[in-house]
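Structure first, then comments.
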Amino acid sequence: MSNLTDTTSPFIAAHKDNPVQWRLWSDEALAEARAQDKPILLSLGYAGCHWCHTLNREAFMDPEIAREINENFIPILSDREERPDIDLVYQGAAGAMRHQGGWPLNIFLTPDGVPFWVAGYLPREQQGALPSFRQMLADTAKLWQTDKVRVAENAAQTRAALEDLYNRDMAAPQENMNLDLAALRMGQGFDIFFGGVTGQMKFPNAIVLEMLWRAFLRTGMPQFSQLTFTTLDSMLFGGITDHVGGGFFRHTMDERWLEPSFEKMLYDNAQMIDILVQVWQFNRNELGRQRIGETIRWLLRDMKVEGGFAAAMASGTLAEDARFYTWSEAEIDAALVGTFSARFKQVYGISRDGNLGGRNLPRRLGNPQPANEADEALLTRQRDMLLAARAKRTAPARDERVLASWNGLAIYSIARAGQVLEKPEWIAEAIAAFDYIAKTLGDGDRLAHDISHGVKGVGGFADDYSHMARAALQLWEVTGDDRFLVPAKAWVKTLDDHFWDTKLGGYCFYADDAPKLFVRPRMLFDNPTPSTNGTMLTVLTRLALITGDRDYMSRASTLAVTFGNEANRVVNGSGAFLNGFEVLVNSLIILVIGHKGNARTQALLRTAWSKAMPNGLIVQMEPGDPLPEGHPATGRGMLNGQPTAYICQSGNCSDGITDSAVLDQVLTLPAQLRQQVQQAS
């Protein structure tokens, strides 16, 4: 029987009663494989993965399949969230072997950890040309026993492919980067009718959406805004939104955003908050504002674990997937008794026969829209009534681990949303979460990756440091409190000291003093959170602008060159890097000098925060406070004793602006024209 009782991973704990003799990843497990001359079956998954649970139920609980695994393999189980380094390396290996990857991933390794065969979910019984899981096991065991030459060739090819993927020269000069062309190429892969990347399944892809949105703000080309608005409208009205409880599901199974896969991930929701805030700054879309508030309320209501945010919410109960989120018509009528339930059913597509597996998932896409504010007020009340009724059901399992990287994404987005939408209580929640992560996962200038039920996980990965540093800088920008600069600088120093590749440049995924895998990835691609090397372009640039330390800007420029060729080659996986590159080359500082409590100071700040400026850094300073050495606004101050704003870009600053209405007009100018105005002044 498995010995998994001490784990804090809900994914691994779900396998504790398997007859498969699982091990966790360790040097001892690999040594056992070498001693017994057995291949390793590495099975990767995560708690919110429906097909992982299905495979567990169909295969790993089967005594006969377990016997074959135990006799022929050393089985190792690994949680994607717990060991993202293992997942990253072996997902890359799956791709090198022409497998689509994803979860569950069952990958077969030589005793030294190099992959030679791979499979994903396979059914209990053969389906057409698709073999059964048992047959795949038998074929792989036979390959190991009878054809070691082929195994060695496969392993060598995979190792070489991974080294080439992560550790080849990917450099290109900055002048070879063309953001507009990259956005055009990305847009060509979008669905012009329903939005999102063209395909049978649709994911939020907030990083790519931001890339298109930035292209619209940069160029004014309506094609980019149309793709963004079409995608967001489909998502905000469609089935990927939880219209009753708030938040976004992981993806939909169809191209029209109607039928979701019901797990909810912290990283998806954090990134969706941010892109919705960016778009709201431009068009004041009321639906976007509603979804921002609903998503943050869901995070605060259902995802808080002590002071941080839980990693994920699984996809309904295992016995009946999605039952928690769907309704019969009778259940809707009962929950909405005393209200005009017919109107709710009309707007949300509720019917006797159901719209999803014989039940109803509330969604507004393709249904009549409310006629007026009174309609919307009624629907809000009715959604609250449904939420109260749903709270009596057995809730989906929650992955209660608190991950530093994903919490960094959430802290950043909640703090920014609080500032833009003038919700100080959200900023307070973001600060509290930041302090919790820094205290519980921090140890000097090092971070642990996660904590669960008081037990810390392994040492932090590059994503943990980069996303928490970005969150710290956002809190500094929102509050003006220098205490947030201290950990930001410390975590960047750790990245520079322990993650930077001194030969090729760029940040590696795990530290130089962490346990080694057969390859050390130095990745550019987003997966599906923003990559460290993309995020750090923004972090380093902003630290340089805030502190005046040229070393930060030098490192950012080096980083941009390091991956320039790869970003041009694979645009659809390089969104964070391309967005960060724009921050590097088009950074904008809005400097407001004035007493923080002054009404005119606050009016200038509110104006700056109301504008869609993804490259902007908003800085408020008290009169007489020193600017960093070499700052383009050095020597400037308040005009005529009034709070004054300066717009600085490319080493030039505008004349002082004391009227918030004038500042509003100037910041509304297209980026190129605004820069011309500044240079002329």
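Within each chain, counting starts at residue 1; across the structure tokens, chains are named A, B, ... in the order shown, with ligands numbered 1 upward in that order.
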
Spatial neighbours of Gly338 (chain A), max dist 12 Å, only C-alpha atoms, sep filter under 3 positions, as a list in words =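 After dropping sequence-adjacent residues, the list is Ile332, Asp333, Ala334, Ala335, Ser341, Ala342, Leu378, Arg381, Gln382 and Met385 of chain A.
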
With a distance cut-off of 6 Å and only C-alpha atoms, select the neighbouring residues of region 114-122 of chain A, excluding the residue or stretch itself and same-chain residues fewer than 2 positions from it, and output the selection as an NGL selection string.
-> :A and (104-110 or 112 or 132-133 or 151 or 154-155)

Atoms to include: C-alpha atoms. Write the selected residues as a JSON list (two decimals), in the first residue's frame.
[["chain", "number", "residue", "atom", "x", "y", "z"],
["A", 104, "PRO", "CA", -2.49, 13.96, -15.98],
["A", 105, "LEU", "CA", 0.92, 13.30, -17.48],
["A", 106, "ASN", "CA", 2.41, 9.82, -17.19],
["A", 107, "ILE", "CA", 6.00, 9.91, -18.30],
["A", 108, "PHE", "CA", 8.45, 7.03, -18.22],
["A", 109, "LEU", "CA", 12.04, 7.68, -17.19],
["A", 110, "THR", "CA", 15.32, 5.88, -17.11],
["A", 112, "ASP", "CA", 18.68, 8.60, -13.91],
["A", 132, "SER", "CA", -6.11, 1.28, -22.70],
["A", 133, "PHE", "CA", -3.94, 2.42, -19.82],
["A", 151, "VAL", "CA", 15.17, 3.35, -24.87],
["A", 154, "ASN", "CA", 14.83, 8.05, -27.03],
["A", 155, "ALA", "CA", 16.31, 9.27, -23.75]]

Region 515-580 of chain A near region 615-623 of chain A within 12 Å: what's each residue's closest atom pair and its distance in Å to one decimal, counting only C-alpha atoms, ordered by chain then ascending residue number, as a tab-separated table?
residue	atom	partner	partner_atom	distance
A:Leu537	CA	A:Asn615	CA	11.7
A:Thr538	CA	A:Asn615	CA	8.9
A:Val539	CA	A:Leu617	CA	11.4
A:Thr541	CA	A:Asn615	CA	10.2
A:Arg542	CA	A:Leu617	CA	7.5
A:Leu543	CA	A:Leu617	CA	10.5
A:Ala544	CA	A:Leu617	CA	11.4
A:Leu545	CA	A:Leu617	CA	8.4
A:Ile546	CA	A:Val619	CA	8.4
A:Thr547	CA	A:Val619	CA	11.7
A:Asn579	CA	A:Asn615	CA	9.0
A:Gly580	CA	A:Asn615	CA	8.8

Can I get the selection written as a compact mmCIF listing (two decimals), in the first residue's frame, with C-alpha atoms?
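Written file, result-v3.txt:
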# COMPACT_ATOMS: atom_id res chain seq x y z
CA LEU A 537 11.72 43.06 -17.31
CA THR A 538 8.97 45.02 -15.58
CA VAL A 539 10.35 44.59 -12.05
CA THR A 541 12.75 48.60 -15.03
CA ARG A 542 10.48 49.89 -12.27
CA LEU A 543 13.14 49.43 -9.61
CA ALA A 544 15.52 51.46 -11.79
CA LEU A 545 12.96 54.25 -12.17
CA ILE A 546 12.09 54.25 -8.46
CA THR A 547 15.62 54.07 -7.06
CA ASN A 579 4.66 43.13 -22.40
CA GLY A 580 7.68 43.58 -20.15

Enumerate as a PyMOL selection string all residues of region 305-510 of chain A assigned to strand (DSSP E or B) by DSSP on the backbone, naming them with the chain letters and numbers the document uses.
-> chain A and resi 305+308-309+312-313+327+356+359-360+398-399+402-403+442-443+446-448+450-452+455-456+459+500+507

Please produce an output containing N, CA and C atoms for each residue in the selection, written as a compact mmCIF listing (two decimals), in the first residue's frame.
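So selection.txt came out as:
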# COMPACT_ATOMS: atom_id res chain seq x y z
N VAL A 305 -7.07 31.62 3.21
CA VAL A 305 -6.52 30.61 4.11
C VAL A 305 -5.59 31.34 5.05
N GLY A 308 -3.42 34.27 3.61
CA GLY A 308 -3.16 34.21 2.18
C GLY A 308 -4.34 33.65 1.41
N PHE A 309 -4.08 33.31 0.14
CA PHE A 309 -5.12 32.79 -0.74
C PHE A 309 -4.80 31.36 -1.14
N ALA A 312 -6.46 26.69 -5.34
CA ALA A 312 -7.46 26.31 -6.34
C ALA A 312 -8.71 25.76 -5.68
N MET A 313 -9.76 25.73 -6.47
CA MET A 313 -11.00 25.08 -6.10
C MET A 313 -11.25 23.99 -7.15
N TRP A 327 -28.08 23.74 -11.86
CA TRP A 327 -29.39 23.78 -11.22
C TRP A 327 -30.44 23.14 -12.13
N LEU A 356 -26.90 22.20 -19.91
CA LEU A 356 -25.62 21.53 -19.71
C LEU A 356 -25.88 20.20 -19.00
N ARG A 359 -29.00 19.77 -16.80
CA ARG A 359 -29.17 20.77 -15.75
C ARG A 359 -28.83 22.14 -16.33
N ASN A 360 -28.92 23.18 -15.52
CA ASN A 360 -28.73 24.54 -16.01
C ASN A 360 -27.51 25.19 -15.36
N ARG A 398 -11.11 22.24 -1.84
CA ARG A 398 -10.23 23.40 -2.03
C ARG A 398 -8.79 22.98 -1.77
N ASP A 399 -7.91 23.33 -2.67
CA ASP A 399 -6.47 23.12 -2.46
C ASP A 399 -5.99 24.26 -1.58
N VAL A 402 -0.95 27.61 0.16
CA VAL A 402 -0.72 29.01 -0.16
C VAL A 402 0.61 29.10 -0.89
N LEU A 403 0.58 29.40 -2.18
CA LEU A 403 1.78 29.48 -3.00
C LEU A 403 2.24 30.93 -3.10
N GLY A 442 8.83 33.81 4.16
CA GLY A 442 10.11 34.49 4.05
C GLY A 442 11.09 34.08 5.14
N ASP A 443 12.36 34.04 4.79
CA ASP A 443 13.44 33.77 5.74
C ASP A 443 14.65 34.57 5.27
N ARG A 446 15.34 34.89 1.42
CA ARG A 446 14.88 33.69 0.73
C ARG A 446 13.39 33.48 0.99
N LEU A 447 12.73 32.81 0.05
CA LEU A 447 11.31 32.48 0.16
C LEU A 447 11.14 30.97 0.04
N ALA A 448 10.19 30.43 0.79
CA ALA A 448 9.71 29.08 0.52
C ALA A 448 8.65 29.15 -0.57
N ASP A 450 5.74 27.35 -0.79
CA ASP A 450 4.35 27.27 -0.36
C ASP A 450 4.28 26.88 1.11
N ILE A 451 3.08 27.00 1.66
CA ILE A 451 2.80 26.54 3.01
C ILE A 451 1.41 25.94 3.04
N SER A 452 1.25 24.84 3.79
CA SER A 452 -0.04 24.18 3.91
C SER A 452 -0.16 23.61 5.31
N VAL A 455 2.90 23.75 7.40
CA VAL A 455 4.11 23.06 6.92
C VAL A 455 4.60 23.75 5.65
N LYS A 456 5.84 24.22 5.68
CA LYS A 456 6.42 24.87 4.50
C LYS A 456 6.87 23.83 3.49
N GLY A 459 12.16 25.07 -1.18
CA GLY A 459 12.63 26.44 -1.40
C GLY A 459 11.98 27.07 -2.62
N TRP A 500 20.39 33.55 -11.74
CA TRP A 500 20.89 34.10 -13.00
C TRP A 500 21.89 33.15 -13.64
N TYR A 507 17.17 34.25 -16.16
CA TYR A 507 16.93 33.60 -14.88
C TYR A 507 16.50 32.15 -15.10

Calculate how many Å separate CA of Leu605 (chain A) from CA of Ser650 (chain A), rounding to one decimal.
-> 21.4 Å

Using only C-alpha atoms, determine which residues lie at most 8 Å from region 52-60 of chain A, disregarding the query and same-chain residues fewer than 6 positions distant; provide the list as a list in words.
->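 Returned residues: His15, Asn18, Pro19, Val20, Gly45, Tyr46, Ala66, Trp103, Pro104, Tyr121, Leu122, Pro123, Arg124, Phe133, Arg134 and Leu318 of chain A.
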
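For Leu504 (chain A), the set of protein, DNA and RNA residues having any atom at most 9 Å away, when counting only C-alpha atoms and skipping those fewer than 4 positions along the same chain, is Asn167, Arg168, Asp169, Met170, Ala171, Trp500 and Thr562 of chain A.
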
Using DSSP on the backbone coordinates, identify the residues of region 443-590 of chain A assigned to helix (DSSP H, G or I); present them as a PyMOL selection string.
-> chain A and resi 462-479+482-498+532-547+550-562+564-569+571-573+575-586

Quick one: residues within 10 Å of Ser315 (chain A), only C-alpha atoms, excluding same-chain residues fewer than 2 positions away - as a PDB file with N, CA and C atoms, in the first residue's frame?
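Output file around_14.pdb follows:
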ATOM      1  N   ALA A  47      -4.663  19.008  -7.884  1.00  0.00           N
ATOM      2  CA  ALA A  47      -5.912  18.714  -7.178  1.00  0.00           C
ATOM      3  C   ALA A  47      -7.153  19.079  -7.984  1.00  0.00           C
ATOM      4  N   GLY A  48      -7.103  20.148  -8.774  1.00  0.00           N
ATOM      5  CA  GLY A  48      -8.284  20.605  -9.500  1.00  0.00           C
ATOM      6  C   GLY A  48      -8.509  19.918 -10.829  1.00  0.00           C
ATOM      7  N   CYS A  49      -7.692  18.918 -11.149  1.00  0.00           N
ATOM      8  CA  CYS A  49      -7.720  18.288 -12.474  1.00  0.00           C
ATOM      9  C   CYS A  49      -8.732  17.140 -12.504  1.00  0.00           C
ATOM     10  N   HIS A  50      -9.784  17.295 -13.286  1.00  0.00           N
ATOM     11  CA  HIS A  50     -10.839  16.276 -13.370  1.00  0.00           C
ATOM     12  C   HIS A  50     -10.291  14.950 -13.889  1.00  0.00           C
ATOM     13  N   PHE A 249     -13.786  30.118 -14.256  1.00  0.00           N
ATOM     14  CA  PHE A 249     -13.354  28.729 -14.321  1.00  0.00           C
ATOM     15  C   PHE A 249     -12.098  28.625 -15.190  1.00  0.00           C
ATOM     16  N   ARG A 250     -11.492  27.440 -15.161  1.00  0.00           N
ATOM     17  CA  ARG A 250     -10.186  27.257 -15.808  1.00  0.00           C
ATOM     18  C   ARG A 250     -10.257  27.403 -17.325  1.00  0.00           C
ATOM     19  N   PRO A 260     -18.006  25.025 -19.249  1.00  0.00           N
ATOM     20  CA  PRO A 260     -16.701  25.135 -18.578  1.00  0.00           C
ATOM     21  C   PRO A 260     -16.198  23.817 -18.006  1.00  0.00           C
ATOM     22  N   SER A 261     -14.905  23.769 -17.836  1.00  0.00           N
ATOM     23  CA  SER A 261     -14.285  22.805 -16.934  1.00  0.00           C
ATOM     24  C   SER A 261     -14.249  23.501 -15.583  1.00  0.00           C
ATOM     25  N   PHE A 262     -14.805  22.892 -14.541  1.00  0.00           N
ATOM     26  CA  PHE A 262     -15.266  23.671 -13.401  1.00  0.00           C
ATOM     27  C   PHE A 262     -14.225  24.007 -12.341  1.00  0.00           C
ATOM     28  N   GLU A 263     -12.977  23.626 -12.534  1.00  0.00           N
ATOM     29  CA  GLU A 263     -12.020  24.054 -11.512  1.00  0.00           C
ATOM     30  C   GLU A 263     -11.744  25.551 -11.630  1.00  0.00           C
ATOM     31  N   LYS A 264     -11.427  26.162 -10.508  1.00  0.00           N
ATOM     32  CA  LYS A 264     -11.062  27.583 -10.473  1.00  0.00           C
ATOM     33  C   LYS A 264      -9.647  27.698  -9.927  1.00  0.00           C
ATOM     34  N   ALA A 312      -6.464  26.695  -5.340  1.00  0.00           N
ATOM     35  CA  ALA A 312      -7.461  26.307  -6.345  1.00  0.00           C
ATOM     36  C   ALA A 312      -8.705  25.761  -5.680  1.00  0.00           C
ATOM     37  N   MET A 313      -9.757  25.733  -6.473  1.00  0.00           N
ATOM     38  CA  MET A 313     -11.001  25.076  -6.104  1.00  0.00           C
ATOM     39  C   MET A 313     -11.251  23.992  -7.148  1.00  0.00           C
ATOM     40  N   THR A 317     -17.853  17.862  -6.966  1.00  0.00           N
ATOM     41  CA  THR A 317     -17.587  16.619  -6.257  1.00  0.00           C
ATOM     42  C   THR A 317     -17.137  15.565  -7.257  1.00  0.00           C
ATOM     43  N   LEU A 318     -16.360  14.593  -6.776  1.00  0.00           N
ATOM     44  CA  LEU A 318     -15.868  13.555  -7.675  1.00  0.00           C
ATOM     45  C   LEU A 318     -17.009  12.673  -8.161  1.00  0.00           C
ATOM     46  N   GLU A 320     -20.138  13.484  -8.879  1.00  0.00           N
ATOM     47  CA  GLU A 320     -20.948  14.093  -9.934  1.00  0.00           C
ATOM     48  C   GLU A 320     -20.371  15.465 -10.250  1.00  0.00           C
ATOM     49  N   ASP A 321     -19.499  15.495 -11.228  1.00  0.00           N
ATOM     50  CA  ASP A 321     -18.771  16.709 -11.582  1.00  0.00           C
ATOM     51  C   ASP A 321     -19.742  17.849 -11.897  1.00  0.00           C
ATOM     52  N   ALA A 322     -19.474  19.004 -11.310  1.00  0.00           N
ATOM     53  CA  ALA A 322     -20.199  20.253 -11.601  1.00  0.00           C
ATOM     54  C   ALA A 322     -21.580  20.332 -10.968  1.00  0.00           C
ATOM     55  N   ARG A 323     -21.998  19.341 -10.199  1.00  0.00           N
ATOM     56  CA  ARG A 323     -23.317  19.398  -9.569  1.00  0.00           C
ATOM     57  C   ARG A 323     -23.455  20.639  -8.695  1.00  0.00           C
ATOM     58  N   PHE A 324     -22.354  21.051  -8.095  1.00  0.00           N
ATOM     59  CA  PHE A 324     -22.370  22.209  -7.204  1.00  0.00           C
ATOM     60  C   PHE A 324     -22.795  23.472  -7.945  1.00  0.00           C
ATOM     61  N   TYR A 325     -22.405  23.606  -9.207  1.00  0.00           N
ATOM     62  CA  TYR A 325     -22.591  24.852  -9.938  1.00  0.00           C
ATOM     63  C   TYR A 325     -23.856  24.880 -10.796  1.00  0.00           C
ATOM     64  N   ALA A 395     -19.514  21.781  -0.968  1.00  0.00           N
ATOM     65  CA  ALA A 395     -18.655  22.592  -1.834  1.00  0.00           C
ATOM     66  C   ALA A 395     -17.539  21.742  -2.440  1.00  0.00           C
ATOM     67  N   PRO A 396     -17.041  22.133  -3.607  1.00  0.00           N
ATOM     68  CA  PRO A 396     -15.886  21.440  -4.180  1.00  0.00           C
ATOM     69  C   PRO A 396     -14.693  21.497  -3.228  1.00  0.00           C
ATOM     70  N   ALA A 397     -13.825  20.516  -3.349  1.00  0.00           N
ATOM     71  CA  ALA A 397     -12.617  20.498  -2.521  1.00  0.00           C
ATOM     72  C   ALA A 397     -11.747  21.701  -2.856  1.00  0.00           C
ATOM     73  N   ARG A 398     -11.111  22.243  -1.839  1.00  0.00           N
ATOM     74  CA  ARG A 398     -10.228  23.397  -2.025  1.00  0.00           C
ATOM     75  C   ARG A 398      -8.788  22.975  -1.766  1.00  0.00           C
TER      76      ARG A 398
END

Hey, what's within 8 Å of region 483-488 of chain A if we count only C-alpha atoms and toss same-chain stuff fewer than 5 positions away? As JSON, numbers by chain, please?
-> {"A": [445, 468, 469, 470, 472, 473, 475, 476]}

Could you turn the residues from that selection into a file that holds N, CA and C atoms, as a PDB file, in the first residue's frame?
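Done, and the output landed in part_21.pdb:
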ATOM      1  N   ASP A 445      16.414  36.855   2.954  1.00  0.00           N
ATOM      2  CA  ASP A 445      16.165  37.192   1.553  1.00  0.00           C
ATOM      3  C   ASP A 445      15.720  35.977   0.740  1.00  0.00           C
ATOM      4  N   MET A 468       6.318  37.981  -6.292  1.00  0.00           N
ATOM      5  CA  MET A 468       6.218  38.689  -5.019  1.00  0.00           C
ATOM      6  C   MET A 468       6.931  40.041  -5.089  1.00  0.00           C
ATOM      7  N   ALA A 469       8.029  40.123  -5.828  1.00  0.00           N
ATOM      8  CA  ALA A 469       8.707  41.415  -6.002  1.00  0.00           C
ATOM      9  C   ALA A 469       7.814  42.386  -6.777  1.00  0.00           C
ATOM     10  N   ARG A 470       7.152  41.894  -7.795  1.00  0.00           N
ATOM     11  CA  ARG A 470       6.224  42.743  -8.564  1.00  0.00           C
ATOM     12  C   ARG A 470       5.085  43.225  -7.678  1.00  0.00           C
ATOM     13  N   ALA A 472       5.217  43.646  -4.447  1.00  0.00           N
ATOM     14  CA  ALA A 472       5.775  44.633  -3.512  1.00  0.00           C
ATOM     15  C   ALA A 472       5.876  46.006  -4.164  1.00  0.00           C
ATOM     16  N   LEU A 473       6.309  46.050  -5.422  1.00  0.00           N
ATOM     17  CA  LEU A 473       6.422  47.336  -6.119  1.00  0.00           C
ATOM     18  C   LEU A 473       5.048  47.950  -6.377  1.00  0.00           C
ATOM     19  N   LEU A 475       2.447  47.586  -4.380  1.00  0.00           N
ATOM     20  CA  LEU A 475       2.025  48.143  -3.090  1.00  0.00           C
ATOM     21  C   LEU A 475       2.773  49.435  -2.788  1.00  0.00           C
ATOM     22  N   TRP A 476       4.042  49.505  -3.167  1.00  0.00           N
ATOM     23  CA  TRP A 476       4.781  50.773  -2.994  1.00  0.00           C
ATOM     24  C   TRP A 476       4.125  51.875  -3.821  1.00  0.00           C
TER      25      TRP A 476
END

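With CA of Thr228 (chain A) on one side and CA of Lys423 (chain A) on the other, the separation reads 25.5 Å.
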
Work out how far CA of Ala206 (chain A) is from CA of Leu663 (chain A), in Å to one decimal.
->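 CA of Ala206 (chain A) lies 29.5 Å from CA of Leu663 (chain A).
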
Using only C-alpha atoms, which residues sit within 9 Å of Gly548 (chain A) once same-chain residues fewer than 3 positions away are excluded, as a list in words?
->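 Near neighbours after the sequence-gap exclusion: Leu543, Ala544, Leu545, Asp551, Tyr552, Met553, Leu627, Pro628, Glu629, Gly630 and His631 of chain A.
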
Just the selected residues (C-alpha atoms), exported as a short mmCIF file (atom, residue, chain, number, x, y, z; two decimals), in the first residue's frame, please.
data_model
loop_
_atom_site.label_atom_id
_atom_site.label_comp_id
_atom_site.auth_asym_id
_atom_site.auth_seq_id
_atom_site.Cartn_x
_atom_site.Cartn_y
_atom_site.Cartn_z
CA LEU A 543 13.14 49.43 -9.61
CA ALA A 544 15.52 51.46 -11.79
CA LEU A 545 12.96 54.25 -12.17
CA ASP A 551 22.39 48.41 -12.32
CA TYR A 552 18.71 47.48 -12.44
CA MET A 553 18.29 49.06 -15.86
CA LEU A 627 14.44 62.53 -6.27
CA PRO A 628 16.77 59.67 -7.27
CA GLU A 629 20.05 60.76 -8.80
CA GLY A 630 19.67 61.51 -12.51
CA HIS A 631 15.87 61.70 -12.39
#

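Proximity to Phe525 (chain A) was assessed for A:Ile275, A:Ala182, A:Ala567, A:Ala13 counting only C-alpha atoms; the smallest distance is recorded for A:Ala567.
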